[in-house]
Every structure is written in structure tokens, then in C-alpha cells.
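Trainee: Let me give you the structure first, and then I'll get to my questions.
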Amino acid sequence: MMFWNMLRIEQQKLLKRTILRVELIIIGVGVLVLNTLFFAISRMDGSNPAAAQLEQTLVWPMGLVQSVGLAAGPSLGGILIVILVGAVVAQEYTWRTLQLWLSRGVPRGTFLAAKFAALLLPALLLVLTPLLLGGLVTAVFSQILLGHIPVDTVEWGRLVATTLATAYSLLPYAGLAFFLAVATRSVIVAVGGGLAYILLLEGIAVQLLTFAGGIWAEIGRYIPAGLAQGMLSIGTTTTVEVGGQAAPPIQYLEPGAAALGIALYSVAFIALSIAIFRRQDLGG
Amino acid sequence: MSNTILQTHNLSKTFGPVTAVNQVNLQLHTGELFGFLGPNGAGKTTTIGMVLGLVSPSAGQVELFGQPVSPNQTRPLRRVGSLVGAPALLPYLSGRDNLRLLARLSDDVSDGRIAEVIERVGMSDAAYRKVSSYSTGMKQRIGLAAALLHRPDLIILDEPTNGLDPKGMREMRQLLRDLVADGVTIFLSSHLLYEVEQICDRVAVLNRGQIVAQGKVSDLLGQQKMTVKVGVTSPAQAQAALQSLAGVERLSANGRYLEVSGVSGEDIVRHLVQHDIYPGEVITQRVDLESLFLEMTESV
């Protein structure tokens, strides 16, 4: 009962945050700008085979999937979720509102679990916004390029699964920012640490591990970006270039195993956060 | 004791080598207004933090309504309202929306109750404004409304008059009296000793983490000797004369005044006249909580 009350409270708090609205605008504008840019590029030299390939991504059904891809964990979605979670969680320490809830008898574990669960809603909104806006703009492009909108070619079930999987791929990044915010009580460290991981560490780690090959390349499949790729790009491989040399292609995990890996990361970050939170002194 | 609502047993808190709270034993009884006094850094807020389950005690324990309280045992806190330090409110919501969120924690807090507490703290006109636009006093009022919202049995207030103007302070005093009349127990930590003396039934004085006095205000003040201030033209001569007066406990000169404790003004005048000294002024100084507080906290 207390958990559900806190979950509703946390959701209301989140939905009234300006930062969430700004992030939804950013990702919405991002998908519109990217699609429009690609459309303009594809129209510059229509005889080029690459342009024809690009056009494929601007019409339904590919246009829908591509738009959602912008919200994936290792992409803009990951960056935005780290900023949102880091700010929302660490600011409660600054505002001392944690003390308000806890001094009313809310158990610490319940409070933190509800807080993380409430973050699933913005994670979903960060994926639905590009899906809707991207769907709209690629519908227009479909009409222009194909003369019709190929609704019958869209695999709706697969689109829903991809959308949910994309939102799910944000969880390890949300978990990391959540953990950093609880452990350090600092917006700067939580957001900065999360962004440093996404923008620097993870990319470098993937390249180095892949280049090292063998067991190291195997490990690369288990970091959050590798797991997200495994879940979102079913059965595909990716080639990474290091110093102009092509490293062996990465064989990502099967979607089920990748989803399990993402769950483990998320649970581990939440469990660590709760363990730390239960020992924190919050006076003064 | 059956009517004990809050009790601490040898409550202690250390931060590294620093002992912030040292073996504090407090007892609050149902329906009383209890004052918690101490200079800055005495350990008041840390003690309150432990009572509210926000800070883990290094030793000792807290009992609320007969049940233990710690950061991981917080159920008794559902019957407690608190306002500790600067009010903790979400700045991007209005005062009323902050209260509406808090109301969701209790089943019996209606919109009518929210309006009632807003009116009680005098914030009806500003309740719809965002908290970020509030003055300190307005935040304090909404913080107090939050503490009252779920009709708690115990209210813990740490410097609740911070940021309030004189009218607000008077309203706060009246509100606290009204709450006690309604049967609510109040734990009030304050620097405003005159206020505490006026409204509290019992007080505890904390200094350097230790309780140096606890009891009824009247008892504590009654234990103190009165001081008589005597204005004379020849203080050295008068001081010499008073040294032979039986019962004098403290005698000091300050300009043309002598401060004497342990004997009454009548005895002093009679004794001085016997020595051909005629005081121009005799003032019996009332012992108040402030002087008691200063004596206790400065002498340790």
C-alpha cells in the first residue's frame, strides 16, 4: 500500500518537472531535425545508391523504427535519462525533501524502490515521443516519396516490442545515474559521472575490448551498450574500426540473454543504492 | 510510564572523533509542550534527526509511542508531524500542491483538511503560488501546515518561528497553545527563550551534546537564587560592608552598582543602613530562562 502511494506521488512529482518537458522537447526536435536533414540529403542526388538506401529509412516501416532508435540507451535517450535521473534524485538531497517523506514513516527501501519504479514512466515517454513525431514526419515523407503511406507493411507487434525494448535499454543508464546520485548526493557527480560513462568510457571500452579480442571481446558483449545492441539488433553483428584497422565483428548476445543482462545491471544498481541509502544519515 | 509518548535511552551520536550527542535521556508526556534548548552546535538537530529516524544513533535508542524508532524502523513516525530546519518543500510546486502530495500518504486527509490547515497557518491567499516565490516565513508556514496535515499525536518543531515577523510569531505561539489544548504533544526546539518560558511546560537544556537540565520551567527557575542590584555612591565601601552579611553567595561590583545573590533586597538595605550607607537604588532581578540558560551553557 505504502509502495503504491509513494509510486503515485513520485510519478506526480516527475510529471510536473520542467526538466522532463525540456527533455521531451529535445528528443522530439532531434527526431524532426534528423529526419528532415536525411530527407534533404537524400534529395540532393537521387541517382546515388546510398541516397536510395537513405530514403528507405525515411519511409514507413523503417522510418518508424529508426526514429525510436534515437531514444535507445547508447544513444540520445541514454544521455537524457542520465541527466533526468541524476538531477531528479540528487536534487531531493539538496532540497531536503527526502527528510520530509522519511520523517513521515515511509520505509527507506520502499521510498527508493518507488522512486526508481516511477522513472519507468519518463523512460517510456522518452521513447514514445520520437516514435510519434518520427512516425508523423516519416508518414509525410512516405507520401512524398512513395505516393502513399504503406501502413500494411508495418509489423505492429514488432514495433511495440521494439519500442518497449528501447525503453528497457535505458534502465542500466538510469540505474547508474540513480546509484551515483544516492551514493554522492550530488547532481554534478551523478549527471557528470553518467555522461562520462556513456560518452567516453563505454565507447572506449567497447573499442578496446573488441580490439583485444578473445575473452576481452566476449566481455564487451556484456556491457550495457552491448546488451542494448543485442536486444535491439536481433542477430546482427557490428564491425568496429580501431586505428584504421577493422577489428573482428562483435557478435551480440541473443535478445533474451541481453534482456536478462540489462535486468541484472538495473537490479544491481537499485540494490546498491538501497543498501547505501539505508545507512545514510540525513540529518541537518 | 503509560503516558510517555517519546523517550530516549542514553542516546549518543559520534561523527568520527566528535561526540555530537552524549547519552541523552529525554521523556515527553502526552499533551505537554516540551522545550528543547541549547546553543548552536549543542546537538539539538542531531538529536531530533535521531528521533525522526533520519540519523542512526551510535548508541542508545529512541522510543515513540512505546515502539523503537531507527532509520529502518519508522512505523511510529506516521503519528508524528515535524518541521525541522528550513522547510523541505518542492520549489516547483505550489504550497497547496506540496500538501496534496503529502496528503496521499494518509487515507484520511481530504481536500477540505488541506484547506483547513492552509487557513490555520494563514496562507490561504498564497497557497496557489509556487514555493520558489515564497519568503522564508511563508515557507515556514507551509512547512508547519505539512506537519499538521495528518492530525499527528506528536509534533516536533525545530526553530518554527524562523523567518516569521512579530505578528507571525505571536500567531505561532497561539497556534501551539491551541494544539496542546486539542491534546497534541509538542516538542519545540527554539532559540527564543522568552517564548519557550512563556509557553512550555517542561524544558531540557542541551549543551555540548549533554543534557545539563531537564524539568518543569518553574522548578528550574525556582532553583536559581535571585540577584539584587544595588546602586550606591561608594561601591567599595558598600562591598566591604556586605562581605559581613550572612547568606551572601555572590558579590560583584559593576561601576556604581553591586550585584548580590543569596540574600533578599530587604536584608541588604538593612545591613547597609547599619553601616551608614544609604543605597539610592535597589533592583531585584527576576531570574528568567535566558539567564538560567546562559549560566548553564557557559559554565560547562
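Residues in the C-alpha cells are numbered from 1 in each chain, the chains being A, B, ... in the order shown, and ligands are numbered from 1 in the order shown.
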Please build the interface table for chain B against chain A with a cut-off of 8 Å, listing for each qualifying residue the nearest atom pair and the distance in Å to one decimal; count only C-alpha atoms, order rows by chain and increasing number, and write it as a Markdown table.
Mentor:
```
| residue | atom | partner | partner_atom | distance |
| --- | --- | --- | --- | --- |
| B:Thr45 | CA | A:Gly284 | CA | 6.3 |
| B:Thr46 | CA | A:Gly283 | CA | 6.2 |
| B:Gly49 | CA | A:Gly283 | CA | 5.0 |
| B:Met50 | CA | A:Gly283 | CA | 7.9 |
| B:Leu52 | CA | A:Ser103 | CA | 5.4 |
| B:Gly53 | CA | A:Ser103 | CA | 6.6 |
| B:Leu54 | CA | A:Leu282 | CA | 5.0 |
| B:Val55 | CA | A:Asp281 | CA | 4.4 |
| B:Ser56 | CA | A:Asp281 | CA | 6.3 |
| B:Pro71 | CA | A:Arg278 | CA | 7.0 |
| B:Asn72 | CA | A:Pro107 | CA | 6.6 |
| B:Gln73 | CA | A:Pro107 | CA | 7.5 |
| B:Thr74 | CA | A:Gly105 | CA | 4.7 |
| B:Arg75 | CA | A:Gly105 | CA | 5.2 |
| B:Pro76 | CA | A:Gly105 | CA | 6.9 |
| B:Leu77 | CA | A:Gly105 | CA | 4.6 |
| B:Arg78 | CA | A:Gly105 | CA | 4.9 |
| B:Arg79 | CA | A:Arg104 | CA | 7.8 |
| B:Val80 | CA | A:Arg104 | CA | 6.8 |
| B:Gly81 | CA | A:Arg104 | CA | 7.0 |
| B:Ser82 | CA | A:Ser103 | CA | 7.4 |
| B:Gly85 | CA | A:Gly284 | CA | 7.5 |
| B:Ala88 | CA | A:Thr97 | CA | 4.8 |
| B:Leu89 | CA | A:Thr97 | CA | 6.0 |
| B:Leu90 | CA | A:Thr97 | CA | 6.9 |
| B:Tyr92 | CA | A:Arg17 | CA | 7.3 |
| B:Leu93 | CA | A:Lys16 | CA | 7.8 |
| B:Leu101 | CA | A:Ile9 | CA | 6.0 |
| B:Leu102 | CA | A:Trp101 | CA | 7.9 |
| B:Arg104 | CA | A:Asn5 | CA | 6.4 |
| B:Leu105 | CA | A:Asn5 | CA | 6.3 |
```
Trainee: Residues within 12 Å of Ala263 (chain A), please, as a list in words. Count only C-alpha atoms; anything in the same chain fewer than 3 positions from it doesn't count.
Mentor: Ala165, Tyr168, Ser169, Leu170, Leu171, Pro172, Tyr173, Ala174, Gly175, Tyr222, Pro224, Leu227, Ala228, Met231, Gly256, Ala257, Ala258, Ala259, Leu260, Ser266, Val267, Ala268, Phe269, Ile270 and Ala271 of chain A
Trainee: Please identify the strand (DSSP E or B) residues within region 112-217 of chain B (assignment by DSSP from backbone atoms) and present them as a VMD selection string.
Mentor: chain B and resid 130 154 to 158 185 to 189 202 to 207 210 to 216
Trainee: Need the shell around Ile19 (chain A): protein/DNA/RNA residues with any atom at most 9 Å away, counting only C-alpha atoms. Skip same-chain ones fewer than 6 positions apart. Format as a compact mmCIF listing (two decimals) with N, CA and C atoms, in the first residue's frame?
Mentor:
```
# COMPACT_ATOMS: atom_id res chain seq x y z
N ILE A 83 20.71 12.49 -17.37
CA ILE A 83 20.54 13.87 -16.87
C ILE A 83 19.28 13.95 -16.00
N LEU A 84 18.21 13.35 -16.48
CA LEU A 84 16.94 13.41 -15.75
C LEU A 84 17.06 12.72 -14.37
N ALA A 87 19.54 14.45 -11.91
CA ALA A 87 19.01 15.71 -11.37
C ALA A 87 17.86 15.44 -10.40
N VAL A 88 16.93 14.61 -10.82
CA VAL A 88 15.72 14.39 -10.01
C VAL A 88 16.05 13.74 -8.66
```
Trainee: Extract, using only C-alpha atoms, all DNA, RNA and protein residues at most 10 Å from Arg100 (chain B), discarding same-chain residues fewer than 3 positions from it, and format them as a PyMOL selection string.
Mentor: (chain A and resi 9) or (chain B and resi 94-97+103-105+109-111+114+146+149)
Trainee: Just how far from CA of Val89 (chain A) is CA of Lys13 (chain B), in Å to one decimal?
Mentor: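 These two atoms are separated by 27.1 Å.
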Trainee: As a PyMOL selection string, please: all residues of region 21-67 of chain A that backbone DSSP puts in alpha helix (DSSP H).
Mentor: chain A and resi 21-44+49-56+62-67
Trainee: Write a file of the selected residues as a short mmCIF file (atom, residue, chain, number, x, y, z; two decimals), in the first residue's frame, keeping N, CA, C and O atoms.
Mentor:
```cif
data_model
loop_
_atom_site.label_atom_id
_atom_site.label_comp_id
_atom_site.auth_asym_id
_atom_site.auth_seq_id
_atom_site.Cartn_x
_atom_site.Cartn_y
_atom_site.Cartn_z
N ARG A 21 9.91 17.93 -19.33
CA ARG A 21 9.30 18.55 -20.52
C ARG A 21 10.38 19.01 -21.50
O ARG A 21 10.26 18.83 -22.71
N VAL A 22 11.45 19.58 -20.95
CA VAL A 22 12.55 20.06 -21.82
C VAL A 22 13.17 18.88 -22.55
O VAL A 22 13.45 18.95 -23.76
N GLU A 23 13.38 17.78 -21.86
CA GLU A 23 14.00 16.61 -22.50
C GLU A 23 13.10 16.03 -23.59
O GLU A 23 13.59 15.60 -24.63
N LEU A 24 11.80 16.04 -23.34
CA LEU A 24 10.88 15.53 -24.36
C LEU A 24 10.91 16.43 -25.59
O LEU A 24 10.84 15.96 -26.73
N ILE A 25 11.03 17.74 -25.36
CA ILE A 25 11.14 18.67 -26.48
C ILE A 25 12.44 18.41 -27.24
O ILE A 25 12.46 18.36 -28.48
N ILE A 26 13.53 18.20 -26.49
CA ILE A 26 14.83 17.97 -27.15
C ILE A 26 14.78 16.73 -28.03
O ILE A 26 15.19 16.77 -29.20
N ILE A 27 14.26 15.65 -27.50
CA ILE A 27 14.25 14.41 -28.30
C ILE A 27 13.25 14.52 -29.46
O ILE A 27 13.49 14.00 -30.55
N GLY A 28 12.16 15.26 -29.22
CA GLY A 28 11.18 15.46 -30.29
C GLY A 28 11.77 16.30 -31.42
O GLY A 28 11.68 15.94 -32.61
N VAL A 29 12.41 17.40 -31.04
CA VAL A 29 13.05 18.26 -32.05
C VAL A 29 14.17 17.49 -32.73
O VAL A 29 14.35 17.57 -33.96
N GLY A 30 14.91 16.70 -31.96
CA GLY A 30 16.03 15.92 -32.51
C GLY A 30 15.56 14.99 -33.61
O GLY A 30 16.18 14.94 -34.69
N VAL A 31 14.47 14.30 -33.39
CA VAL A 31 14.00 13.33 -34.40
C VAL A 31 13.46 14.07 -35.65
O VAL A 31 13.67 13.61 -36.79
N LEU A 32 12.86 15.23 -35.42
CA LEU A 32 12.36 16.01 -36.57
C LEU A 32 13.53 16.53 -37.40
O LEU A 32 13.54 16.43 -38.63
N VAL A 33 14.52 17.08 -36.72
CA VAL A 33 15.67 17.67 -37.42
C VAL A 33 16.43 16.59 -38.18
O VAL A 33 16.77 16.76 -39.37
N LEU A 34 16.70 15.46 -37.52
CA LEU A 34 17.48 14.39 -38.17
C LEU A 34 16.76 13.86 -39.41
O LEU A 34 17.36 13.70 -40.48
N ASN A 35 15.48 13.59 -39.26
CA ASN A 35 14.73 13.06 -40.40
C ASN A 35 14.68 14.06 -41.55
O ASN A 35 14.82 13.69 -42.72
N THR A 36 14.48 15.34 -41.20
CA THR A 36 14.42 16.38 -42.24
C THR A 36 15.77 16.52 -42.94
O THR A 36 15.84 16.66 -44.17
N LEU A 37 16.83 16.44 -42.13
CA LEU A 37 18.19 16.54 -42.68
C LEU A 37 18.46 15.38 -43.65
O LEU A 37 18.93 15.58 -44.78
N PHE A 38 18.13 14.17 -43.20
CA PHE A 38 18.35 13.00 -44.06
C PHE A 38 17.51 13.09 -45.33
O PHE A 38 17.94 12.70 -46.41
N PHE A 39 16.31 13.63 -45.17
CA PHE A 39 15.43 13.78 -46.33
C PHE A 39 16.07 14.74 -47.35
O PHE A 39 16.12 14.44 -48.55
N ALA A 40 16.61 15.85 -46.83
CA ALA A 40 17.24 16.83 -47.70
C ALA A 40 18.45 16.22 -48.40
O ALA A 40 18.65 16.41 -49.61
N ILE A 41 19.25 15.44 -47.66
CA ILE A 41 20.45 14.80 -48.24
C ILE A 41 20.04 13.81 -49.33
O ILE A 41 20.62 13.76 -50.41
N SER A 42 19.01 13.03 -49.02
CA SER A 42 18.58 12.00 -49.99
C SER A 42 18.06 12.62 -51.28
O SER A 42 18.11 12.00 -52.34
N ARG A 43 17.56 13.86 -51.20
CA ARG A 43 17.01 14.51 -52.39
C ARG A 43 18.08 15.22 -53.22
O ARG A 43 17.82 15.66 -54.33
N MET A 44 19.32 15.33 -52.65
CA MET A 44 20.36 16.07 -53.37
C MET A 44 20.85 15.31 -54.59
O MET A 44 21.12 15.87 -55.62
N PRO A 49 23.16 5.31 -55.13
CA PRO A 49 22.54 4.18 -54.42
C PRO A 49 22.43 4.42 -52.91
O PRO A 49 21.51 3.95 -52.25
N ALA A 50 23.42 5.17 -52.36
CA ALA A 50 23.37 5.46 -50.91
C ALA A 50 22.15 6.31 -50.57
O ALA A 50 21.53 6.14 -49.53
N ALA A 51 21.82 7.23 -51.51
CA ALA A 51 20.65 8.09 -51.29
C ALA A 51 19.37 7.24 -51.29
O ALA A 51 18.47 7.46 -50.49
N ALA A 52 19.35 6.25 -52.18
CA ALA A 52 18.17 5.39 -52.25
C ALA A 52 18.03 4.59 -50.96
O ALA A 52 16.93 4.38 -50.44
N GLN A 53 19.21 4.17 -50.44
CA GLN A 53 19.20 3.42 -49.18
C GLN A 53 18.72 4.31 -48.02
O GLN A 53 17.97 3.87 -47.15
N LEU A 54 19.15 5.57 -48.09
CA LEU A 54 18.76 6.54 -47.05
C LEU A 54 17.25 6.78 -47.08
O LEU A 54 16.59 6.88 -46.06
N GLU A 55 16.73 6.82 -48.33
CA GLU A 55 15.28 7.04 -48.49
C GLU A 55 14.48 5.94 -47.80
O GLU A 55 13.41 6.17 -47.27
N GLN A 56 15.05 4.73 -47.83
CA GLN A 56 14.37 3.58 -47.19
C GLN A 56 14.11 3.84 -45.70
O GLN A 56 13.13 3.37 -45.16
N MET A 62 10.52 1.41 -42.00
CA MET A 62 11.85 1.66 -41.42
C MET A 62 11.93 2.99 -40.68
O MET A 62 12.62 3.12 -39.67
N GLY A 63 11.21 3.97 -41.22
CA GLY A 63 11.24 5.30 -40.62
C GLY A 63 10.79 5.28 -39.16
O GLY A 63 11.34 5.98 -38.31
N LEU A 64 9.80 4.44 -38.89
CA LEU A 64 9.29 4.34 -37.51
C LEU A 64 10.35 3.78 -36.58
O LEU A 64 10.62 4.32 -35.51
N VAL A 65 10.98 2.67 -37.01
CA VAL A 65 11.98 2.00 -36.18
C VAL A 65 13.20 2.89 -35.98
O VAL A 65 13.74 2.99 -34.87
N GLN A 66 13.63 3.56 -37.06
CA GLN A 66 14.79 4.45 -36.97
C GLN A 66 14.55 5.58 -35.96
O GLN A 66 15.45 5.96 -35.22
N SER A 67 13.34 6.11 -35.97
CA SER A 67 13.02 7.22 -35.07
C SER A 67 13.12 6.78 -33.61
O SER A 67 13.66 7.50 -32.77
#
```
Trainee: Considering only C-alpha atoms, return as a PyMOL selection string whatever protein or nucleic-acid residues lie within 7 Å of region 156-168 of chain B, sequence-local ones (same chain, fewer than 4 positions apart) excluded.
Mentor: chain B and resi 81-85+136-137+140+172+186-191
Trainee: Using only C-alpha atoms, determine which residues lie at most 12 Å from Tyr278 (chain B), disregarding the query and same-chain residues fewer than 6 positions distant; provide the list as a VMD selection string.
Mentor: chain B and resid 230 to 235 237 to 238 241 268 to 272
Trainee: Since we have the selection now, will you write its residues out, keeping N, CA and C atoms, as a compact mmCIF listing (two decimals), in the first residue's frame?
Mentor:
```txt
# COMPACT_ATOMS: atom_id res chain seq x y z
N VAL B 230 22.26 46.74 43.54
CA VAL B 230 22.19 47.86 44.49
C VAL B 230 23.01 49.02 43.96
N GLY B 231 22.39 50.19 43.82
CA GLY B 231 23.10 51.39 43.36
C GLY B 231 23.55 52.20 44.57
N VAL B 232 24.86 52.44 44.70
CA VAL B 232 25.40 53.20 45.84
C VAL B 232 26.41 54.23 45.33
N THR B 233 26.67 55.23 46.19
CA THR B 233 27.65 56.26 45.78
C THR B 233 29.08 55.80 46.06
N SER B 234 29.23 54.91 47.05
CA SER B 234 30.59 54.44 47.35
C SER B 234 30.61 52.91 47.30
N PRO B 235 30.76 52.36 46.10
CA PRO B 235 30.65 50.90 45.93
C PRO B 235 31.70 50.12 46.73
N GLN B 237 33.08 50.80 49.58
CA GLN B 237 32.70 50.76 50.99
C GLN B 237 31.51 49.81 51.20
N ALA B 238 30.57 49.89 50.30
CA ALA B 238 29.38 49.03 50.40
C ALA B 238 29.75 47.57 50.22
N ALA B 241 31.21 46.27 53.32
CA ALA B 241 30.19 46.09 54.35
C ALA B 241 29.39 44.81 54.10
N ILE B 268 19.69 43.35 52.52
CA ILE B 268 20.83 44.13 52.05
C ILE B 268 20.69 45.58 52.50
N VAL B 269 19.48 46.15 52.31
CA VAL B 269 19.25 47.56 52.69
C VAL B 269 19.46 47.73 54.19
N ARG B 270 18.88 46.79 54.97
CA ARG B 270 19.02 46.90 56.43
C ARG B 270 20.51 46.88 56.83
N HIS B 271 21.26 45.99 56.23
CA HIS B 271 22.67 45.82 56.57
C HIS B 271 23.48 47.07 56.18
N LEU B 272 23.19 47.60 55.00
CA LEU B 272 23.94 48.78 54.54
C LEU B 272 23.63 49.99 55.44
```
Trainee: Show which residues sit within 12 Å of Leu199 (chain A), as an mmCIF file with N, CA, C and O atoms, in the first residue's frame. Count only C-alpha atoms, and ignore same-chain residues fewer than 6 positions away.
Mentor:
```cif
data_model
loop_
_atom_site.group_PDB
_atom_site.id
_atom_site.type_symbol
_atom_site.label_atom_id
_atom_site.label_comp_id
_atom_site.auth_asym_id
_atom_site.auth_seq_id
_atom_site.Cartn_x
_atom_site.Cartn_y
_atom_site.Cartn_z
ATOM 1 N N GLY A 73 19.356 3.368 -25.258
ATOM 2 C CA GLY A 73 20.310 3.618 -24.180
ATOM 3 C C GLY A 73 21.641 4.179 -24.654
ATOM 4 O O GLY A 73 22.092 5.210 -24.155
ATOM 5 N N PRO A 74 22.292 3.539 -25.614
ATOM 6 C CA PRO A 74 23.607 4.045 -26.019
ATOM 7 C C PRO A 74 23.504 5.274 -26.937
ATOM 8 O O PRO A 74 24.498 5.685 -27.531
ATOM 9 N N SER A 75 22.329 5.848 -27.095
ATOM 10 C CA SER A 75 22.140 6.997 -27.992
ATOM 11 C C SER A 75 21.673 8.215 -27.161
ATOM 12 O O SER A 75 21.954 8.315 -25.978
ATOM 13 N N LEU A 76 20.920 9.132 -27.815
ATOM 14 C CA LEU A 76 20.460 10.338 -27.124
ATOM 15 C C LEU A 76 19.592 10.000 -25.907
ATOM 16 O O LEU A 76 19.644 10.683 -24.882
ATOM 17 N N GLY A 78 19.894 7.620 -23.772
ATOM 18 C CA GLY A 78 20.737 7.346 -22.600
ATOM 19 C C GLY A 78 21.228 8.625 -21.959
ATOM 20 O O GLY A 78 21.231 8.758 -20.725
ATOM 21 N N ILE A 79 21.639 9.559 -22.786
ATOM 22 C CA ILE A 79 22.141 10.848 -22.276
ATOM 23 C C ILE A 79 21.033 11.557 -21.504
ATOM 24 O O ILE A 79 21.232 12.051 -20.398
ATOM 25 N N LEU A 80 19.838 11.594 -22.104
ATOM 26 C CA LEU A 80 18.730 12.320 -21.477
ATOM 27 C C LEU A 80 18.273 11.653 -20.178
ATOM 28 O O LEU A 80 17.967 12.330 -19.197
ATOM 29 N N VAL A 82 20.084 9.874 -18.144
ATOM 30 C CA VAL A 82 21.109 10.111 -17.113
ATOM 31 C C VAL A 82 20.936 11.509 -16.511
ATOM 32 O O VAL A 82 20.981 11.685 -15.285
ATOM 33 N N TYR A 173 21.367 2.681 -17.627
ATOM 34 C CA TYR A 173 21.885 4.050 -17.558
ATOM 35 C C TYR A 173 21.146 4.828 -16.454
ATOM 36 O O TYR A 173 21.745 5.593 -15.703
ATOM 37 N N VAL A 191 25.139 13.351 -12.715
ATOM 38 C CA VAL A 191 24.955 13.620 -14.149
ATOM 39 C C VAL A 191 26.301 13.517 -14.874
ATOM 40 O O VAL A 191 26.409 12.861 -15.924
ATOM 41 N N GLY A 192 27.333 14.134 -14.285
ATOM 42 C CA GLY A 192 28.659 14.118 -14.921
ATOM 43 C C GLY A 192 29.198 12.707 -15.036
ATOM 44 O O GLY A 192 29.716 12.313 -16.086
ATOM 45 N N GLY A 193 29.066 11.930 -13.961
ATOM 46 C CA GLY A 193 29.557 10.552 -13.978
ATOM 47 C C GLY A 193 28.810 9.712 -15.007
ATOM 48 O O GLY A 193 29.416 8.940 -15.755
ATOM 49 N N ALA A 205 35.684 1.576 -24.031
ATOM 50 C CA ALA A 205 35.738 0.194 -23.545
ATOM 51 C C ALA A 205 35.360 -0.778 -24.660
ATOM 52 O O ALA A 205 36.040 -1.798 -24.868
ATOM 53 N N VAL A 206 34.294 -0.445 -25.391
ATOM 54 C CA VAL A 206 33.859 -1.336 -26.477
ATOM 55 C C VAL A 206 34.982 -1.496 -27.491
ATOM 56 O O VAL A 206 35.317 -2.603 -27.923
ATOM 57 N N ALA A 225 25.921 -1.129 -23.315
ATOM 58 C CA ALA A 225 25.725 -0.805 -24.741
ATOM 59 C C ALA A 225 25.631 -2.076 -25.570
ATOM 60 O O ALA A 225 24.804 -2.184 -26.486
#
```
